[in-house]
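Student: Contents of target35.txt (compact mmCIF, C-alpha atoms):
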# COMPACT_ATOMS: atom_id res chain seq x y z
CA MET A 74 -171.61 -40.05 8.55
CA THR A 75 -172.89 -36.45 8.20
CA PRO A 76 -170.54 -33.94 9.92
CA GLU A 77 -172.04 -31.78 12.64
CA PRO A 78 -172.64 -28.10 11.65
CA ALA A 79 -170.15 -25.53 12.92
CA PRO A 80 -171.32 -23.81 16.13
CA THR A 81 -172.61 -20.27 15.95
CA LEU A 82 -171.04 -17.40 17.88
CA SER A 83 -173.79 -17.54 20.48
CA GLN A 84 -173.26 -21.27 20.96
CA LEU A 85 -169.50 -20.79 21.36
CA LEU A 86 -169.98 -18.05 23.93
CA ALA A 87 -172.49 -20.19 25.81
CA PHE A 88 -169.97 -23.06 25.80
CA TYR A 89 -167.18 -20.83 27.17
CA LEU A 90 -169.51 -19.47 29.83
CA GLU A 91 -170.44 -22.98 30.95
CA ALA A 92 -166.73 -23.87 31.03
CA GLY A 93 -166.07 -20.97 33.42
CA VAL A 94 -164.84 -18.35 30.96
CA ASP A 95 -167.05 -15.48 32.12
CA CYS A 96 -165.16 -12.37 31.07
CA ALA A 97 -163.00 -11.06 28.22
CA LEU A 98 -159.30 -10.35 28.84
CA SER A 99 -156.46 -8.71 26.91
CA GLU A 100 -153.33 -10.51 25.77
CA GLU A 101 -151.42 -9.21 28.82
CA PRO A 102 -151.81 -10.65 32.34
CA VAL A 103 -154.12 -8.71 34.63
CA ASP A 104 -153.45 -7.84 38.27
CA ARG A 105 -156.95 -8.08 39.69
CA LEU A 106 -155.78 -6.99 43.13
CA SER A 107 -154.84 -3.59 41.74
CA ASP A 108 -157.31 -0.79 40.98
CA SER A 109 -154.99 0.71 38.38
CA ARG A 110 -156.00 -1.54 35.49
CA PRO A 111 -155.72 0.01 32.04
CA THR A 112 -158.93 1.58 30.77
CA GLU A 113 -159.06 -0.64 27.71
CA ILE A 114 -158.93 -3.79 29.87
CA LYS A 115 -161.78 -2.50 32.02
CA ALA A 116 -163.76 -1.72 28.89
CA ALA A 117 -163.08 -5.16 27.47
CA SER A 118 -164.22 -6.79 30.71
CA VAL A 119 -167.43 -4.75 30.77
CA ALA A 120 -168.08 -5.57 27.10
CA GLY A 121 -167.47 -9.25 27.71
CA GLU A 122 -169.89 -9.30 30.61
CA ALA A 123 -172.53 -7.59 28.48
CA ILE A 124 -172.11 -10.13 25.70
CA THR A 125 -172.30 -12.96 28.22
CA ALA A 126 -175.54 -11.58 29.62
CA ARG A 127 -177.09 -11.36 26.15
CA VAL A 128 -176.02 -14.94 25.36
CA LEU A 129 -177.56 -16.20 28.57
CA ARG A 130 -180.86 -14.58 27.68
CA SER A 131 -180.91 -15.79 24.07
CA ALA A 132 -179.20 -19.16 24.15
CA PRO A 133 -181.60 -22.13 24.06
CA ALA A 134 -181.63 -24.56 26.95
CA PRO A 135 -179.29 -27.54 26.48
CA VAL A 136 -181.00 -30.61 25.07
CA ALA A 137 -180.06 -34.08 26.31
CA PRO A 138 -179.05 -36.55 23.61
CA ALA A 139 -181.94 -38.67 22.42
CA SER A 140 -181.92 -42.37 23.32
CA ASP A 141 -184.38 -45.19 23.02
CA PRO A 142 -186.09 -45.52 26.41
CA LEU A 143 -186.61 -48.92 27.96
CA PRO A 144 -190.21 -50.08 28.05
CA ALA A 145 -192.09 -49.76 31.32
CA PRO A 146 -191.55 -52.77 33.63
CA ASP A 147 -195.08 -54.11 33.25
CA ALA A 148 -194.84 -53.81 29.47
CA ALA A 149 -191.43 -55.51 29.46
CA ILE A 150 -192.76 -58.39 31.56
CA ALA A 151 -195.78 -58.81 29.28
CA THR A 152 -193.54 -58.77 26.20
CA ALA A 153 -191.22 -61.34 27.77
CA ARG A 154 -194.14 -63.64 28.59
CA GLU A 155 -195.52 -63.46 25.08
CA ALA A 156 -192.14 -64.01 23.45
CA ALA A 157 -191.23 -66.93 25.71
CA ARG A 158 -194.63 -68.56 25.23
CA THR A 159 -194.19 -68.69 21.46
CA ALA A 160 -190.67 -70.20 21.53
CA SER A 161 -191.00 -73.72 20.20
CA SER A 162 -187.36 -74.73 20.75
CA LEU A 163 -184.32 -73.78 22.79
CA GLU A 164 -182.67 -72.34 19.68
CA ILE A 165 -185.62 -70.02 19.04
CA LEU A 166 -185.72 -69.05 22.72
CA ARG A 167 -182.06 -68.11 22.58
CA GLU A 168 -182.60 -66.02 19.46
CA MET A 169 -185.48 -64.23 21.19
CA LEU A 170 -183.27 -63.40 24.15
CA GLU A 171 -180.56 -62.08 21.82
CA LYS A 172 -183.10 -59.65 20.35
CA PHE A 173 -184.96 -58.84 23.58
CA ASP A 174 -184.36 -55.25 24.76
CA GLY A 175 -186.72 -55.11 27.72
CA CYS A 176 -184.06 -55.70 30.39
CA ALA A 177 -181.48 -53.01 31.13
CA LEU A 178 -178.88 -55.65 32.09
CA LYS A 179 -178.43 -56.49 28.42
CA SER A 180 -176.89 -53.08 27.72
CA THR A 181 -174.22 -53.45 30.42
CA ALA A 182 -173.33 -57.11 29.85
CA THR A 183 -170.74 -58.32 27.36
CA ARG A 184 -172.87 -61.13 26.00
CA LEU A 185 -175.85 -63.36 26.62
CA VAL A 186 -175.21 -66.34 28.92
CA PHE A 187 -177.88 -68.78 27.84
CA ALA A 188 -176.99 -72.33 28.93
CA ASP A 189 -174.48 -75.16 28.85
CA GLY A 190 -174.69 -78.92 28.81
CA ASN A 191 -177.06 -81.43 27.28
CA PRO A 192 -180.55 -80.16 26.35
CA ASN A 193 -181.79 -83.75 26.62
CA ALA A 194 -180.44 -84.21 30.14
CA ARG A 195 -182.54 -85.77 32.87
CA ILE A 196 -181.38 -83.19 35.40
CA MET A 197 -181.22 -79.39 35.14
CA PHE A 198 -179.31 -77.00 37.43
CA VAL A 199 -180.38 -73.34 37.68
CA GLY A 200 -178.40 -70.59 39.40
CA GLU A 201 -179.13 -66.89 39.81
CA ALA A 202 -177.02 -64.86 37.35
CA PRO A 203 -173.70 -64.94 35.47
CA GLY A 204 -170.52 -63.52 36.94
CA ARG A 205 -167.48 -61.95 35.31
CA ASP A 206 -166.01 -65.16 33.87
CA GLU A 207 -169.38 -66.26 32.53
CA ASP A 208 -169.92 -62.85 30.95
CA ILE A 209 -166.59 -63.18 29.12
CA GLU A 210 -167.10 -66.74 27.89
CA GLY A 211 -170.87 -66.68 27.37
CA LEU A 212 -171.37 -69.90 29.37
CA PRO A 213 -172.80 -70.42 32.87
CA PHE A 214 -170.65 -71.61 35.78
CA VAL A 215 -167.17 -71.41 34.26
CA GLY A 216 -165.38 -69.49 37.03
CA ARG A 217 -164.33 -70.78 40.46
CA SER A 218 -167.88 -71.67 41.41
CA GLY A 219 -168.29 -73.45 38.07
CA LYS A 220 -165.25 -75.61 38.73
CA LEU A 221 -166.69 -76.54 42.11
CA LEU A 222 -170.03 -77.38 40.48
CA ASP A 223 -168.18 -79.66 38.05
CA ARG A 224 -166.62 -81.49 40.99
CA MET A 225 -169.98 -81.71 42.75
CA ILE A 226 -171.74 -83.35 39.82
CA ALA A 227 -168.73 -85.55 39.12
CA ALA A 228 -169.07 -86.90 42.67
CA ILE A 229 -172.41 -88.46 41.67
CA GLY A 230 -171.17 -89.76 38.34
CA LEU A 231 -172.25 -86.87 36.11
CA ASP A 232 -170.56 -84.27 33.92
CA ARG A 233 -171.65 -81.46 31.63
CA THR A 234 -172.56 -83.87 28.86
CA LYS A 235 -175.20 -85.38 31.17
CA VAL A 236 -176.68 -82.26 32.78
CA TYR A 237 -178.16 -78.95 31.62
CA ILE A 238 -177.10 -75.71 33.33
CA ALA A 239 -178.67 -72.25 33.17
CA ASN A 240 -179.43 -69.15 35.25
CA VAL A 241 -182.59 -67.23 36.09
CA ILE A 242 -180.90 -64.06 34.76
CA PRO A 243 -179.05 -64.53 31.43
CA TRP A 244 -177.00 -61.29 31.63
CA ARG A 245 -174.39 -60.33 34.18
CA PRO A 246 -175.49 -57.53 36.55
CA PRO A 247 -172.88 -54.73 36.73
CA GLY A 248 -170.26 -55.48 39.35
CA ASN A 249 -171.95 -58.81 40.09
CA ARG A 250 -174.58 -56.99 42.12
CA THR A 251 -177.81 -58.74 43.11
CA PRO A 252 -180.46 -58.51 40.37
CA THR A 253 -183.40 -56.32 41.29
CA PRO A 254 -186.85 -57.90 41.72
CA GLN A 255 -187.90 -56.03 38.58
CA GLU A 256 -185.03 -57.51 36.53
CA THR A 257 -185.85 -60.97 37.86
CA GLN A 258 -189.52 -60.70 36.92
CA ILE A 259 -188.64 -59.54 33.40
CA CYS A 260 -186.30 -62.51 32.85
CA LEU A 261 -188.46 -65.08 34.65
CA PRO A 262 -190.66 -66.07 31.66
CA PHE A 263 -187.56 -67.03 29.67
CA ILE A 264 -186.10 -69.40 32.27
CA GLN A 265 -189.55 -70.87 32.87
CA ARG A 266 -189.87 -71.63 29.16
CA GLN A 267 -186.34 -72.98 29.13
CA ILE A 268 -187.25 -75.46 31.87
CA GLU A 269 -190.38 -76.47 29.95
CA LEU A 270 -188.40 -77.12 26.76
CA VAL A 271 -185.65 -79.11 28.49
CA ASP A 272 -188.33 -80.97 30.50
CA PRO A 273 -185.93 -82.60 32.99
CA GLU A 274 -186.88 -85.30 35.44
CA ILE A 275 -185.22 -83.38 38.27
CA LEU A 276 -184.72 -79.63 38.71
CA VAL A 277 -181.99 -78.44 41.08
CA THR A 278 -182.03 -74.80 42.17
CA LEU A 279 -178.65 -73.48 43.31
CA GLY A 280 -178.83 -70.93 46.09
CA ASN A 281 -181.54 -68.87 47.71
CA PRO A 282 -182.47 -66.44 44.88
CA SER A 283 -183.14 -69.10 42.23
CA THR A 284 -184.93 -71.28 44.79
CA GLN A 285 -187.28 -68.52 45.92
CA THR A 286 -187.88 -67.35 42.34
CA LEU A 287 -188.62 -70.74 40.77
CA LEU A 288 -190.11 -72.68 43.68
CA SER A 289 -192.33 -69.86 44.98
CA THR A 290 -191.08 -69.99 48.56
CA ARG A 291 -190.03 -67.26 50.95
CA GLU A 292 -188.10 -69.62 53.21
CA GLY A 293 -184.33 -69.41 53.32
CA ILE A 294 -182.01 -71.94 51.73
CA MET A 295 -181.27 -73.55 55.14
CA LYS A 296 -184.91 -74.64 55.37
CA THR A 297 -185.56 -75.47 51.73
CA ARG A 298 -182.35 -77.38 50.90
CA GLY A 299 -182.50 -81.14 50.90
CA ARG A 300 -186.29 -81.29 50.64
CA TRP A 301 -188.17 -82.54 47.62
CA LEU A 302 -190.49 -79.87 46.25
CA ASN A 303 -192.62 -79.58 43.12
CA TYR A 304 -192.07 -77.35 40.13
CA ASP A 305 -195.20 -77.04 38.00
CA THR A 306 -194.60 -76.19 34.34
CA GLY A 307 -198.31 -75.97 33.61
CA THR A 308 -198.24 -79.25 31.71
CA ARG A 309 -196.46 -81.48 34.23
CA VAL A 310 -194.91 -81.43 37.70
CA ILE A 311 -191.13 -81.80 37.98
CA ARG A 312 -189.44 -82.98 41.16
CA ALA A 313 -187.22 -80.19 42.47
CA MET A 314 -184.59 -79.83 45.15
CA ALA A 315 -182.70 -76.80 46.38
CA THR A 316 -179.08 -76.87 47.49
CA PHE A 317 -176.34 -74.37 48.20
CA HIS A 318 -174.85 -72.30 45.40
CA PRO A 319 -171.21 -73.28 44.73
CA ALA A 320 -170.14 -69.67 45.33
CA TYR A 321 -171.62 -69.89 48.83
CA LEU A 322 -169.76 -73.14 49.46
CA LEU A 323 -166.50 -71.45 48.47
CA ARG A 324 -167.14 -68.83 51.15
CA SER A 325 -168.51 -71.33 53.70
CA PRO A 326 -166.85 -74.70 53.05
CA SER A 327 -168.29 -76.16 56.26
CA TYR A 328 -171.64 -76.53 54.43
CA LYS A 329 -170.19 -78.84 51.78
CA ARG A 330 -171.24 -81.78 53.95
CA LEU A 331 -174.89 -80.76 53.71
CA SER A 332 -174.55 -80.17 49.98
CA TRP A 333 -173.12 -83.68 49.61
CA GLN A 334 -176.21 -85.04 51.36
CA ASP A 335 -178.40 -83.20 48.84
CA LEU A 336 -176.40 -84.60 45.92
CA ARG A 337 -176.69 -88.15 47.25
CA ALA A 338 -180.48 -87.76 47.47
CA ILE A 339 -180.54 -86.47 43.89
CA SER A 340 -178.39 -89.37 42.72
CA LYS A 341 -180.72 -91.89 44.39
CA ALA A 342 -183.74 -90.26 42.75
CA LEU A 343 -182.10 -90.50 39.33
CA ALA A 344 -181.25 -94.15 39.91
CA HIS A 345 -184.81 -94.85 41.01
CA THR A 346 -186.33 -93.28 37.90
CA THR A 347 -183.99 -95.34 35.72
CA SER A 348 -184.89 -98.68 37.29
Let me see the file written as structure tokens.
Tutor:
Amino acid sequence: MTPEPAPTLSQLLAFYLEAGVDCALSEEPVDRLSDSRPTEIKAASVAGEAITARVLRSAPAPVAPASDPLPAPDAAIATAREAARTASSLEILREMLEKFDGCALKSTATRLVFADGNPNARIMFVGEAPGRDEDIEGLPFVGRSGKLLDRMIAAIGLDRTKVYIANVIPWRPPGNRTPTPQETQICLPFIQRQIELVDPEILVTLGNPSTQTLLSTREGIMKTRGRWLNYDTGTRVIRAMATFHPAYLLRSPSYKRLSWQDLRAISKALAHTTS
């Protein structure tokens, strides 16, 4: 690493001025409430102020450190669409996401949270975005809500070896905040391609954000849950159902009964497609 050059006198004086050092003093303390200051101290103060004024006139304006700017949103969305379209496998799609720099969430997250479960599963669950635990482990739904999801799918005879789990957003938003519409649109082509590559028989959207994003509806989760909808990949139509996000059920356990009804309908649909 090349060491930075030593600052010039003008740069040092400009630094001290910015730090609040705006006059020159002697080695002795100065009583500024008294008018009987020694002549040499007064002269030093006047000289210091003159030097400061010259530095202010001659010093260049501070320059912000250079950084690579993020691409414009429209350009980032177009890049994401093109990259996702060319991914011929889940492994390649994951590698593309690892290298993709069009979403600012990547720079604040610990790691990519791509997916978990069986890529050949007949059913795929999609949430909104990773949380703190998921960001640490790099896997979706591993915190409290993930444990509840495990119990939910176990209730219909499934586990993570028989399902595929992902999120619309593959990076944790800072502080678990809600992803912006812009961030969602940038990441959308990747989850759409992920669904195409997994090609499940049934798609389950967990919560309102993933439901509205993937199923193109503006209705709330109370109206969309429990109803069979269609998800069109462009090559085939997948049966889809929305249900409550496990995190919501942890906050509102009274809705677990409705979620159980949704899971029973999903289980019956899986049994029907098998027979």
Student: Could you check which of A:Ala228, A:Leu185, A:Leu287, A:Leu322 is closest to Pro213 in chain A, using only C-alpha atoms?
Tutor: A:Leu185
Student: Can you list, as number ranges by chain, every protein, DNA or RNA residue that comes within 9 Å of Leu170 in chain A when you count only C-alpha atoms, leaving out same-chain residues fewer than 2 positions away?
Tutor: A: 153, 156-157, 165-168, 172-174, 185, 187, 243, 263
Student: Limited to C-alpha atoms, could you put the picked residues into a file as a PDB file, in the coordinates of the input?
Tutor:
ATOM      1  CA  ALA A 153    -191.220 -61.340  27.770  1.00  0.00           C
ATOM      2  CA  ALA A 156    -192.140 -64.010  23.450  1.00  0.00           C
ATOM      3  CA  ALA A 157    -191.230 -66.930  25.710  1.00  0.00           C
ATOM      4  CA  ILE A 165    -185.620 -70.020  19.040  1.00  0.00           C
ATOM      5  CA  LEU A 166    -185.720 -69.050  22.720  1.00  0.00           C
ATOM      6  CA  ARG A 167    -182.060 -68.110  22.580  1.00  0.00           C
ATOM      7  CA  GLU A 168    -182.600 -66.020  19.460  1.00  0.00           C
ATOM      8  CA  LYS A 172    -183.100 -59.650  20.350  1.00  0.00           C
ATOM      9  CA  PHE A 173    -184.960 -58.840  23.580  1.00  0.00           C
ATOM     10  CA  ASP A 174    -184.360 -55.250  24.760  1.00  0.00           C
ATOM     11  CA  LEU A 185    -175.850 -63.360  26.620  1.00  0.00           C
ATOM     12  CA  PHE A 187    -177.880 -68.780  27.840  1.00  0.00           C
ATOM     13  CA  PRO A 243    -179.050 -64.530  31.430  1.00  0.00           C
ATOM     14  CA  PHE A 263    -187.560 -67.030  29.670  1.00  0.00           C
TER      15      PHE A 263
END
Student: Out of A:Leu279, A:Ile339, A:Val199, A:Leu331, which residue has the shortest atom-to-atom distance to Gln265 in chain A when counting only C-alpha atoms?
Tutor: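 Going through A:Leu279, A:Ile339, A:Val199, A:Leu331 one by one, the smallest distance to Gln265 in chain A is for A:Val199.
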Student: Smallest atom-to-atom distance to Pro246 in chain A: which of A:Ala202, A:Leu343, A:Met295, A:Ala145, using all atoms listed in the file?
Tutor: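 Under the stated criterion, the closest residue is A:Ala202.
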Student: From the list A:Ile268, A:Ile259, A:Thr251, A:Ser332, which residue is nearest Ile294 in chain A when using only C-alpha atoms?
Tutor: A:Ser332
Student: Mind listing as a PyMOL selection string all residues within 12 Å of (-167.0, -68.8, 30.9), counting only C-alpha atoms?
Tutor: chain A and resi 183-189+203-220+245
Student: In Å to one decimal, how far is CA of Glu256 in chain A from CA of Ala315 in chain A?
Tutor: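 A separation of 21.8 Å between them.
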Student: Select, from A:Ala177, A:Ser283, A:Ala182, A:Leu336, the residue with the minimum atom-to-atom distance to Pro247 in chain A, counting all atoms listed in the file.
Tutor: A:Ala182
Student: Determine the axis-aligned bounding box of all atoms of range 320-329 of chain A present in the file, pad each side by 3 Å, and express its centre and edge lengths in Å to one decimal place as AutoDock Vina command-line options.
Tutor:
--center_x -169.1 --center_y -73.8 --center_z 50.8 --size_x 11.1 --size_y 16.0 --size_z 16.9
Student: In Å, rounded to a single decimal, give me how far CA of Tyr237 in chain A is from CA of Glu171 in chain A.
Tutor: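 Distance between the two atoms: 19.7 Å.
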Student: Interatomic distance between CA of Gln334 in chain A and CA of Ile196 in chain A?
Tutor: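 Between these atoms lies a distance of 16.9 Å.
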Student: Select, from A:Gln267, A:Ser162, A:Thr234, A:Thr316, the residue with the minimum atom-to-atom distance to Thr284 in chain A, counting only C-alpha atoms.
Tutor: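 That would be A:Thr316, the residue with the smallest distance to Thr284 in chain A.
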Student: Could you pull out every residue with an atom within 12 Å of (-179.3, -93.0, 38.8), file coordinates, counting only C-alpha atoms, and send them as a ChimeraX atom specification?
Tutor: /A:195-196,229-231,235,274-275,336-348
Student: With C-alpha atoms retained, write the just-selected residues as a short mmCIF file (atom, residue, chain, number, x, y, z; two decimals), in the coordinates of the input.
Tutor:
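Saved the output as part20.cif:
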data_model
loop_
_atom_site.label_atom_id
_atom_site.label_comp_id
_atom_site.auth_asym_id
_atom_site.auth_seq_id
_atom_site.Cartn_x
_atom_site.Cartn_y
_atom_site.Cartn_z
CA ARG A 195 -182.54 -85.77 32.87
CA ILE A 196 -181.38 -83.19 35.40
CA ILE A 229 -172.41 -88.46 41.67
CA GLY A 230 -171.17 -89.76 38.34
CA LEU A 231 -172.25 -86.87 36.11
CA LYS A 235 -175.20 -85.38 31.17
CA GLU A 274 -186.88 -85.30 35.44
CA ILE A 275 -185.22 -83.38 38.27
CA LEU A 336 -176.40 -84.60 45.92
CA ARG A 337 -176.69 -88.15 47.25
CA ALA A 338 -180.48 -87.76 47.47
CA ILE A 339 -180.54 -86.47 43.89
CA SER A 340 -178.39 -89.37 42.72
CA LYS A 341 -180.72 -91.89 44.39
CA ALA A 342 -183.74 -90.26 42.75
CA LEU A 343 -182.10 -90.50 39.33
CA ALA A 344 -181.25 -94.15 39.91
CA HIS A 345 -184.81 -94.85 41.01
CA THR A 346 -186.33 -93.28 37.90
CA THR A 347 -183.99 -95.34 35.72
CA SER A 348 -184.89 -98.68 37.29
#
Student: Could you name the residues that touch Thr308 in chain A at 12 Å or less, counting all atoms listed in the file, but leaving out those on the same chain fewer than 5 positions away, as a list in words?
Tutor: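 So the residues in contact are Arg266, Ile268, Glu269, Leu270 and Asp272 of chain A.
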Student: How would range 207-221 of chain A look with N, CA, C and O atoms restored, written as a CSV table (one decimal), in the coordinates of the input?
Tutor:
chain,number,residue,atom,x,y,z
A,207,GLU,N,-168.3,-65.8,33.4
A,207,GLU,CA,-169.4,-66.3,32.5
A,207,GLU,C,-169.7,-65.2,31.5
A,207,GLU,O,-170.0,-65.5,30.3
A,208,ASP,N,-169.6,-63.9,31.9
A,208,ASP,CA,-169.9,-62.8,31.0
A,208,ASP,C,-168.9,-62.8,29.8
A,208,ASP,O,-169.2,-62.5,28.7
A,209,ILE,N,-167.7,-63.2,30.1
A,209,ILE,CA,-166.6,-63.2,29.1
A,209,ILE,C,-166.8,-64.4,28.2
A,209,ILE,O,-166.6,-64.2,26.9
A,210,GLU,N,-167.1,-65.5,28.7
A,210,GLU,CA,-167.1,-66.7,27.9
A,210,GLU,C,-168.5,-67.0,27.3
A,210,GLU,O,-168.6,-67.8,26.4
A,211,GLY,N,-169.5,-66.4,27.9
A,211,GLY,CA,-170.9,-66.7,27.4
A,211,GLY,C,-171.4,-68.0,27.8
A,211,GLY,O,-172.4,-68.5,27.2
A,212,LEU,N,-170.9,-68.6,28.9
A,212,LEU,CA,-171.4,-69.9,29.4
A,212,LEU,C,-171.6,-69.8,30.9
A,212,LEU,O,-170.8,-69.1,31.6
A,213,PRO,N,-172.6,-70.5,31.4
A,213,PRO,CA,-172.8,-70.4,32.9
A,213,PRO,C,-171.8,-71.3,33.6
A,213,PRO,O,-171.4,-72.3,33.2
A,214,PHE,N,-171.5,-70.8,34.8
A,214,PHE,CA,-170.6,-71.6,35.8
A,214,PHE,C,-169.3,-72.1,35.1
A,214,PHE,O,-169.1,-73.2,35.0
A,215,VAL,N,-168.5,-71.1,34.8
A,215,VAL,CA,-167.2,-71.4,34.3
A,215,VAL,C,-166.1,-70.8,35.1
A,215,VAL,O,-164.9,-71.1,34.9
A,216,GLY,N,-166.4,-70.0,36.1
A,216,GLY,CA,-165.4,-69.5,37.0
A,216,GLY,C,-165.1,-70.5,38.2
A,216,GLY,O,-165.2,-71.7,38.0
A,217,ARG,N,-164.7,-69.9,39.3
A,217,ARG,CA,-164.3,-70.8,40.5
A,217,ARG,C,-165.5,-71.6,40.9
A,217,ARG,O,-165.4,-72.8,41.2
A,218,SER,N,-166.7,-70.9,41.0
A,218,SER,CA,-167.9,-71.7,41.4
A,218,SER,C,-168.3,-72.7,40.4
A,218,SER,O,-168.8,-73.8,40.7
A,219,GLY,N,-168.0,-72.5,39.1
A,219,GLY,CA,-168.3,-73.4,38.1
A,219,GLY,C,-167.4,-74.7,38.2
A,219,GLY,O,-167.9,-75.8,38.0
A,220,LYS,N,-166.1,-74.5,38.5
A,220,LYS,CA,-165.2,-75.6,38.7
A,220,LYS,C,-165.7,-76.5,39.9
A,220,LYS,O,-165.6,-77.7,39.9
A,221,LEU,N,-166.2,-75.8,41.0
A,221,LEU,CA,-166.7,-76.5,42.1
A,221,LEU,C,-168.0,-77.3,41.7
A,221,LEU,O,-168.1,-78.5,42.1
